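K.L.:
Handing you a structure now.
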Amino acid sequence: MTPAVSTAVALAAANRRGIVYMALAMAAFIVNDSLIKLASESMPAAQAIAVRGLFATAFVMAVVLAGGHGRALRHLAEPNVAARALFDTIGTFSYLFALFHLPLANATAINMAAPLVICALAALVLGESVGWRRWSAVGAGFVGVLLVVRPLPGAFDGWALLCLGATFLLALRDIFTRRIAAAIPSIVVTLSTAVMVTAVGCVWATVEGWRPMTIGQITLLAAASVFLAGGYYGVTVAMRAGELSVTGSFRYTGLLAALAIDLVVWRHVPDGPALAGSALLVGAGLYILHRERVRARAAGG
């Protein structure tokens, strides 16, 4: 096997690994969102975010130490690690502030434009080759998103621009993920995000005020923190594997997980357009997977 063929086969394998981790991460984030939504129905949102973050930070730190990565904690101060955590934190809270003033469908539609932004940045910043087939699949996926969430045309304003800015910041986070040295464990990168998001959440909760919590609320937030940490870790691994323009497009799977949980937990049955959009999302994902198999076979000769 020639070096070029070997590299192509390795890239195809890395893309498949990134796709799996991205799909699992998106599912974890959706479960986390569902749990914190249940908990925050009777408590301040900032307090829920802060308490969940404290649990997540403690959980990830325990994993770091149990995995023997204690010495790698010094890398938390690495410029690329810190920059990634900063972009993640600003993007997360910008999205939350926008979400409080926008219809959920509009915020979701804007946030789901992330794969399009990632494709563009991957081509411009990382020099990835993004052909028309990949662009078409990502664009088709976004159309599927619009069919599912159906944003209101008259509800786009300054808050929508803030939401779009948050999407761009989170895409930059993914670019910086690729710039982090391979020797730094992904779980340590995960910890950097958990610590910074939690710190901001605690400050916000202190300003907004704290309320007594029930055992049920604490249990929900503790469970949410495990899925949140898993989502953080999955995204980090996915962004460090393969091509961003491939793995990033599988963020759309989060919307499918949301529809499934909405059906099971809240008994919301998707209508015709939502089902059509879901089919388009699945089709776009399957086409990208098909193209990866074609590329791998071509590379293998």
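Ordering of the structure tokens sets the chain letters (A, B, ...); residue numbers start at 1 within each chain; ligands are numbered from 1 in the order shown.
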Excluding Leu54 in chain A and any residue of its chain fewer than 3 positions from it, enumerate the residues within 12 Å of it, using only C-alpha atoms, and give them as a list in words.

P.N.:
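My list of contacting residues is Gln47, Ala48, Ile49, Ala50, Val51, Thr57, Ala58, Phe59, Val60, Met61, Leu191, Thr193, Ala194, Val195, Met196, Val197, Thr198, Ala199, Val200, Gly201, Cys202, Ile218, Leu221, Ala222, Ala224, Ser225, Val226, Leu228 and Ala229 of chain A.
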
K.L.:
Generate the output file for the selected residues, N, CA and C atoms, as a CSV table (one decimal), in the first residue's frame.

P.N.:
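File written: out03.csv
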chain,number,residue,atom,x,y,z
A,47,GLN,N,-29.3,29.1,38.1
A,47,GLN,CA,-28.9,28.2,39.2
A,47,GLN,C,-28.8,26.8,38.7
A,48,ALA,N,-29.7,26.4,37.8
A,48,ALA,CA,-29.7,25.0,37.3
A,48,ALA,C,-28.4,24.8,36.5
A,49,ILE,N,-28.0,25.8,35.7
A,49,ILE,CA,-26.8,25.7,34.9
A,49,ILE,C,-25.6,25.6,35.8
A,50,ALA,N,-25.6,26.4,36.8
A,50,ALA,CA,-24.4,26.5,37.7
A,50,ALA,C,-24.3,25.1,38.5
A,51,VAL,N,-25.4,24.6,39.0
A,51,VAL,CA,-25.3,23.4,39.8
A,51,VAL,C,-24.9,22.2,38.9
A,57,THR,N,-18.1,19.3,36.4
A,57,THR,CA,-16.7,19.6,36.6
A,57,THR,C,-16.1,18.5,37.6
A,58,ALA,N,-16.9,18.2,38.6
A,58,ALA,CA,-16.4,17.2,39.6
A,58,ALA,C,-16.3,15.9,38.9
A,59,PHE,N,-17.3,15.5,38.1
A,59,PHE,CA,-17.3,14.2,37.4
A,59,PHE,C,-16.1,14.1,36.4
A,60,VAL,N,-15.9,15.2,35.6
A,60,VAL,CA,-14.8,15.1,34.6
A,60,VAL,C,-13.5,15.1,35.4
A,61,MET,N,-13.3,15.9,36.4
A,61,MET,CA,-12.1,15.8,37.2
A,61,MET,C,-11.8,14.5,37.7
A,191,LEU,N,-12.4,19.1,30.4
A,191,LEU,CA,-12.4,19.8,31.7
A,191,LEU,C,-12.3,21.3,31.6
A,193,THR,N,-13.4,23.3,29.3
A,193,THR,CA,-14.7,23.8,29.0
A,193,THR,C,-15.7,23.8,30.2
A,194,ALA,N,-15.7,22.6,30.9
A,194,ALA,CA,-16.6,22.5,32.0
A,194,ALA,C,-16.3,23.5,33.1
A,195,VAL,N,-15.0,23.8,33.4
A,195,VAL,CA,-14.6,24.7,34.4
A,195,VAL,C,-15.0,26.1,34.1
A,196,MET,N,-14.8,26.5,32.8
A,196,MET,CA,-15.0,27.9,32.4
A,196,MET,C,-16.5,28.2,32.4
A,197,VAL,N,-17.3,27.3,31.8
A,197,VAL,CA,-18.8,27.4,31.7
A,197,VAL,C,-19.4,27.5,33.1
A,198,THR,N,-18.9,26.6,34.0
A,198,THR,CA,-19.4,26.6,35.3
A,198,THR,C,-19.1,27.8,36.1
A,199,ALA,N,-17.9,28.4,35.9
A,199,ALA,CA,-17.5,29.6,36.6
A,199,ALA,C,-18.4,30.8,36.2
A,200,VAL,N,-18.7,30.9,34.9
A,200,VAL,CA,-19.6,32.0,34.4
A,200,VAL,C,-21.0,31.7,35.0
A,201,GLY,N,-21.5,30.4,34.9
A,201,GLY,CA,-22.8,30.1,35.4
A,201,GLY,C,-23.0,30.4,36.9
A,202,CYS,N,-21.9,30.2,37.7
A,202,CYS,CA,-22.0,30.5,39.1
A,202,CYS,C,-22.1,32.0,39.4
A,218,ILE,N,-32.0,18.1,42.4
A,218,ILE,CA,-30.5,17.8,42.5
A,218,ILE,C,-30.2,16.6,41.7
A,221,LEU,N,-30.3,17.3,38.0
A,221,LEU,CA,-29.1,18.1,37.6
A,221,LEU,C,-27.8,17.2,37.6
A,222,ALA,N,-27.7,16.3,38.6
A,222,ALA,CA,-26.6,15.4,38.6
A,222,ALA,C,-26.6,14.5,37.4
A,224,ALA,N,-28.1,15.1,34.5
A,224,ALA,CA,-27.8,16.0,33.4
A,224,ALA,C,-26.3,16.2,33.2
A,225,SER,N,-25.6,16.4,34.3
A,225,SER,CA,-24.2,16.7,34.2
A,225,SER,C,-23.4,15.6,33.6
A,226,VAL,N,-23.8,14.3,33.8
A,226,VAL,CA,-23.1,13.2,33.2
A,226,VAL,C,-23.2,13.2,31.7
A,228,LEU,N,-24.0,15.9,30.0
A,228,LEU,CA,-23.3,17.1,29.5
A,228,LEU,C,-21.8,16.8,29.3
A,229,ALA,N,-21.2,16.2,30.3
A,229,ALA,CA,-19.8,15.9,30.2
A,229,ALA,C,-19.5,14.9,29.1

K.L.:
For Leu24 in chain A, list every protein, DNA or RNA residue within 7 Å, evaluated using only C-alpha atoms, and leave out those in the same chain fewer than 4 positions away; present the list as an NGL selection string.

P.N.:
:A and (20 or 28 or 234)

K.L.:
So, counting only C-alpha atoms, which residue among A:Arg133, A:Arg179, A:Lys37, A:Arg293 is closest to Val9 in chain A?

P.N.:
A:Arg293

K.L.:
Of the candidates A:Ile261, A:Val130, A:Ala122, A:Leu289, which shows the shortest atom-to-atom distance to Arg178 in chain A, using only C-alpha atoms?

P.N.:
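Closest residue, counting only C-alpha atoms: A:Ala122.
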
K.L.:
From the list A:Asn80, A:Ser186, A:Thr247, A:Ser94, which residue is nearest Arg17 in chain A when using only C-alpha atoms?

P.N.:
A:Thr247

K.L.:
Would you work out the distance separating CA of Val207 in chain A from CA of Ser42 in chain A, expressed in Å to one decimal?

P.N.:
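Result for CA of Val207 in chain A versus CA of Ser42 in chain A: 18.2 Å, one decimal.
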
K.L.:
In Å, with one decimal, what is the gap from CA of Ala241 in chain A to CA of Arg173 in chain A?

P.N.:
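Atom-to-atom, CA of Ala241 in chain A to CA of Arg173 in chain A, that is 14.7 Å.
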
K.L.:
For His290 in chain A, please output as a PyMOL selection string all residues within 12 Å (counting only C-alpha atoms; exclusion window: fewer than 3 positions along the same chain).

P.N.:
chain A and resi 12+16+133-134+137+246+283-287+293-297

K.L.:
Select, from A:Arg150, A:Val203, A:Val189, A:Ala140, the residue with the minimum atom-to-atom distance to Ala279 in chain A, counting only C-alpha atoms.

P.N.:
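Nearest to Ala279 in chain A: A:Ala140.
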
K.L.:
Find the residue from A:Leu73, A:Ala66, A:Leu99, A:Leu259 that sits nearest to Gly158 in chain A; use only C-alpha atoms when measuring.

P.N.:
A:Leu99

K.L.:
Between A:Val81, A:Ala56, A:Ile175, A:Leu263, which one has atoms that come closest to Glu128 in chain A, using only C-alpha atoms?

P.N.:
A:Ile175
